[in-house]
Amino acid sequence: MALAFFVPAAAAQQVVGDAIPASLTGQPGDAARGRAIVANRSVGLCLLCHAGPIAEERFQGDLAPSLAGAGSRWSEGQLRLRIADGARLNADTIMPPYYRTTGLQRVARNFDGKTILSAAQVEDVVAYLATLKD
Amino acid sequence: MRALHFGIGLAIIFAASWAAAQVGADKRRSGTQDMGEALQKMQDDDTANPGMLFVQLGSQSWAKKAGTADKSCADCHGNAGTSMKGVAARYPAIPKGAEAPVDLDGRINLCRTENQKAERLPPESRELLALEAYVAHQSRGLPIAPPADPRLDAFRDQGAAIYRARQGQLNLSCAICHDDNAGRKLAGVTIPEAHPTGYPIYRLEWQTLGSLKRRLRNCLVGIRAEPYASEAPEYVMLELFLMDRAKGMVLEAPGVRP
C-alpha cells in the first residue's frame, strides 16, 4: 500500500493493447460527476477542443472529433487510455495527457508533478463517455 | 500540329498566371480579420479605439523632461512623426554597442536609463505602454520589416525553437494552435495566426492596453506552462520569430482585441 503510493501515476496503469482495462481507482466512476468535469472549462477543458452533447455549454471547440457516440466507438478501457495518455497511441496527438506527469516541459509551478485530472476524475469521465451511445 | 501548339501555348499562359497568383496570394491573416465587424470598426475609428487614449498620453510623455539629464524624448528625437516612423516595424533589434536584441519597450527603457538618466518604467506600466503605443502608432500602415542583421539569426532561431516546443501541463506548443489549428475554434474563440501586427493592443477583457509579452504570457498560462520572467530574453526571441513570420504584413497599432 505504502509502495503503491510512491509509484508514479503512469507506471501504475496496466496498458493492454490499446486500452487500460482496469479502473485506476479500483472503483467504477460516476457518470453525472463525469459530465460536470467534461463541461467545466477549467477542470476537464474537454470542450475547448471537442464538441459534445452538452447543450448548455454554447462554446465548444472544433479541434478534435465530437465526443458524441464515444461510448459506442470505444470500450471503457479504450476510453481510459485515450484520456490518461493518448500519446501512447499517437505520439503526435494534441490531446493533453490527463493522467501523466512525466515527459512534460516547463510545467507551471502550481501544476508541477500533478496530473490534470485525478484517478477518480478520470474514472468519472470514463463513466460519462461510456453513456454516450449513438 | 496546330492544335498541339495552341495547347502548349495555353498551358504556358496558365502556368505563368498560376505562378503569378501564387506570388500575389498572401494567405496570412492578421488577428483583426478574425474579430467581429464591430470590433474591427472600433479599431479603425480613432475616436472609438480606446488605444488612441494611450497614444495621446504617450505624446505627452514624449515631450516631458525626465531624469537627472532633464531631457525629453523630443529633445533628442524631435518630431516622432518623422523620427519614429518605421521604428516599430523593425524591432526587436540590437542596440549600438550591445550584443543581445531588445524589443520596443526595452529600447524605450534604454533611453530612459542611458539618455534621460531616469528610472526604468516598470513592465506593463501605463507610461511605458503609452510611450510604446505612441511610437508604434508612427508605423501604423507600414509593412513589418525586420532588419537584415545576421547577429539576430541565432536569437530568432531560438524563438522558433520555443514556438515549436511542447510545454506546460497540457503539453501543447504555439505551433500546434497557431500553425496547425489557426482558424479553428478553441471553445468559442477563433484561434488567430498569432501575427504581432496590432501590439500594443487594447483588450476589452483587460480593460487596458497590453503588450505582446502580456499576450504571450496569457497563452503560456493557458497551457499551464511556467511563464518566462517578466523581462526574460525568451519573449524577445519569440517576438523576433513572430515579426519575421509576419514580415510584410501591415502594422495596425494600437489594435483592439475582445
# chains A, B, ... in the order shown; residues from 1 in each chain; ligands from 1
>>> interface_residues(of="chain A", to="chain B", cutoff="12 Å", atoms="only C-alpha atoms", output="ChimeraX atom specification")
/A:39-52,57-64,85-87,91-117
>>> select_by_dssp(residues="chain A", states="alpha helix (DSSP H)", output="count of residues only")
48
>>> select_by_dssp(residues="segment 9-216 of chain B", states="strand (DSSP E or B)", output="MDAnalysis selection string")
chainID B and resid 66 71 93 102 143 167 172 185:186 189:190 201:203 208:210
>>> write_last_selection(atoms="N, CA, C and O atoms", output="PDB file, in the first residue's frame")
ATOM      1  N   ALA B  66      12.537  64.324 -18.237  1.00  0.00           N
ATOM      2  CA  ALA B  66      12.623  63.347 -17.155  1.00  0.00           C
ATOM      3  C   ALA B  66      14.082  63.087 -16.812  1.00  0.00           C
ATOM      4  O   ALA B  66      14.988  63.343 -17.610  1.00  0.00           O
ATOM      5  N   LYS B  71      15.987  65.722 -19.812  1.00  0.00           N
ATOM      6  CA  LYS B  71      15.710  65.731 -21.246  1.00  0.00           C
ATOM      7  C   LYS B  71      14.425  64.966 -21.536  1.00  0.00           C
ATOM      8  O   LYS B  71      14.113  63.985 -20.863  1.00  0.00           O
ATOM      9  N   ALA B  93      15.595  44.729 -32.184  1.00  0.00           N
ATOM     10  CA  ALA B  93      16.872  44.987 -32.846  1.00  0.00           C
ATOM     11  C   ALA B  93      17.963  45.046 -31.780  1.00  0.00           C
ATOM     12  O   ALA B  93      17.662  45.121 -30.588  1.00  0.00           O
ATOM     13  N   VAL B 102      16.802  43.904 -28.133  1.00  0.00           N
ATOM     14  CA  VAL B 102      15.754  44.382 -27.233  1.00  0.00           C
ATOM     15  C   VAL B 102      14.505  44.661 -28.070  1.00  0.00           C
ATOM     16  O   VAL B 102      14.601  44.941 -29.262  1.00  0.00           O
ATOM     17  N   PRO B 143       4.596  48.210 -43.631  1.00  0.00           N
ATOM     18  CA  PRO B 143       4.835  46.766 -43.560  1.00  0.00           C
ATOM     19  C   PRO B 143       5.901  46.421 -42.515  1.00  0.00           C
ATOM     20  O   PRO B 143       6.858  47.182 -42.331  1.00  0.00           O
ATOM     21  N   GLN B 167       5.060  22.458 -24.358  1.00  0.00           N
ATOM     22  CA  GLN B 167       5.341  22.777 -22.966  1.00  0.00           C
ATOM     23  C   GLN B 167       4.057  22.856 -22.163  1.00  0.00           C
ATOM     24  O   GLN B 167       2.963  22.869 -22.709  1.00  0.00           O
ATOM     25  N   LEU B 172       1.228  21.377 -25.032  1.00  0.00           N
ATOM     26  CA  LEU B 172       0.946  21.945 -26.353  1.00  0.00           C
ATOM     27  C   LEU B 172       2.069  22.904 -26.743  1.00  0.00           C
ATOM     28  O   LEU B 172       2.820  23.367 -25.901  1.00  0.00           O
ATOM     29  N   LYS B 185     -11.924  26.642 -33.892  1.00  0.00           N
ATOM     30  CA  LYS B 185     -12.468  27.183 -32.650  1.00  0.00           C
ATOM     31  C   LYS B 185     -11.892  26.475 -31.436  1.00  0.00           C
ATOM     32  O   LYS B 185     -12.006  25.258 -31.304  1.00  0.00           O
ATOM     33  N   LEU B 186     -11.320  27.259 -30.548  1.00  0.00           N
ATOM     34  CA  LEU B 186     -10.955  26.771 -29.224  1.00  0.00           C
ATOM     35  C   LEU B 186     -12.073  27.281 -28.315  1.00  0.00           C
ATOM     36  O   LEU B 186     -12.171  28.479 -28.066  1.00  0.00           O
ATOM     37  N   VAL B 189     -13.625  30.655 -29.262  1.00  0.00           N
ATOM     38  CA  VAL B 189     -12.690  31.639 -29.810  1.00  0.00           C
ATOM     39  C   VAL B 189     -12.002  31.125 -31.070  1.00  0.00           C
ATOM     40  O   VAL B 189     -11.506  30.003 -31.084  1.00  0.00           O
ATOM     41  N   THR B 190     -11.988  31.936 -32.117  1.00  0.00           N
ATOM     42  CA  THR B 190     -11.238  31.554 -33.309  1.00  0.00           C
ATOM     43  C   THR B 190      -9.749  31.708 -33.015  1.00  0.00           C
ATOM     44  O   THR B 190      -9.312  32.776 -32.580  1.00  0.00           O
ATOM     45  N   ILE B 201      -1.936  46.268 -27.795  1.00  0.00           N
ATOM     46  CA  ILE B 201      -3.369  46.215 -28.087  1.00  0.00           C
ATOM     47  C   ILE B 201      -4.179  46.672 -26.889  1.00  0.00           C
ATOM     48  O   ILE B 201      -3.755  46.520 -25.743  1.00  0.00           O
ATOM     49  N   TYR B 202      -5.372  47.203 -27.169  1.00  0.00           N
ATOM     50  CA  TYR B 202      -6.351  47.431 -26.125  1.00  0.00           C
ATOM     51  C   TYR B 202      -7.233  46.194 -26.105  1.00  0.00           C
ATOM     52  O   TYR B 202      -7.916  45.886 -27.084  1.00  0.00           O
ATOM     53  N   ARG B 203      -7.196  45.458 -24.991  1.00  0.00           N
ATOM     54  CA  ARG B 203      -8.008  44.259 -24.916  1.00  0.00           C
ATOM     55  C   ARG B 203      -9.193  44.514 -24.000  1.00  0.00           C
ATOM     56  O   ARG B 203      -9.013  44.902 -22.840  1.00  0.00           O
ATOM     57  N   THR B 208      -7.632  47.476 -20.577  1.00  0.00           N
ATOM     58  CA  THR B 208      -6.483  48.363 -20.684  1.00  0.00           C
ATOM     59  C   THR B 208      -5.630  47.929 -21.871  1.00  0.00           C
ATOM     60  O   THR B 208      -5.922  46.932 -22.528  1.00  0.00           O
ATOM     61  N   LEU B 209      -4.586  48.713 -22.089  1.00  0.00           N
ATOM     62  CA  LEU B 209      -3.647  48.359 -23.131  1.00  0.00           C
ATOM     63  C   LEU B 209      -2.718  47.265 -22.598  1.00  0.00           C
ATOM     64  O   LEU B 209      -2.450  47.213 -21.399  1.00  0.00           O
ATOM     65  N   GLY B 210      -2.214  46.421 -23.459  1.00  0.00           N
ATOM     66  CA  GLY B 210      -1.256  45.408 -23.025  1.00  0.00           C
ATOM     67  C   GLY B 210      -0.255  45.133 -24.120  1.00  0.00           C
ATOM     68  O   GLY B 210      -0.528  45.350 -25.305  1.00  0.00           O
TER      69      GLY B 210
END
>>> residues_around(residues="segment 122-126 of chain B", least_positions_apart="5", cutoff="10 Å", atoms="only C-alpha atoms", output="list of chain:residue names")
B:Phe54, B:Leu57, B:Gly58, B:Asp105, B:Gly106, B:Asn109, B:Leu131, B:Glu132, B:Thr208, B:Leu209, B:Gly210, B:Ser211, B:Lys213, B:Arg214, B:Ser230, B:Glu231
>>> residues_around(residues="Ser72 of chain A", least_positions_apart="4", cutoff="8 Å", atoms="only C-alpha atoms", output="mmCIF file with C-alpha atoms, in the first residue's frame")
data_model
loop_
_atom_site.group_PDB
_atom_site.id
_atom_site.type_symbol
_atom_site.label_atom_id
_atom_site.label_comp_id
_atom_site.auth_asym_id
_atom_site.auth_seq_id
_atom_site.Cartn_x
_atom_site.Cartn_y
_atom_site.Cartn_z
ATOM 1 C CA ALA A 130 -19.438 5.304 -21.850
ATOM 2 C CA LEU A 132 -22.641 8.497 -24.971
ATOM 3 C CA LYS A 133 -24.096 5.933 -27.353
ATOM 4 C CA ASP A 134 -25.043 6.815 -30.902
#
>>> closest_residue(among="B:Arg140, B:Arg156, B:Lys41, B:Lys96", to="Pro200 of chain B", atoms="only C-alpha atoms")
B:Arg140
>>> residues_around(residues="Ile144 of chain B", least_positions_apart="3", cutoff="7 Å", atoms="only C-alpha atoms", output="list in words")
Ala89, Arg90, Met243, Ala246, Lys247, Gly248, Met249, Val250 and Leu251 of chain B
>>> residues_around(residues="segment 125-127 of chain A", least_positions_apart="6", cutoff="9 Å", atoms="only C-alpha atoms", output="PyMOL selection string")
chain A and resi 28-38+44+71+76-77+79-80+83
>>> closest_residue(among="B:Ala118, B:Leu128, B:Val256, B:Ala160", to="Lys65 of chain B", atoms="only C-alpha atoms")
B:Ala118
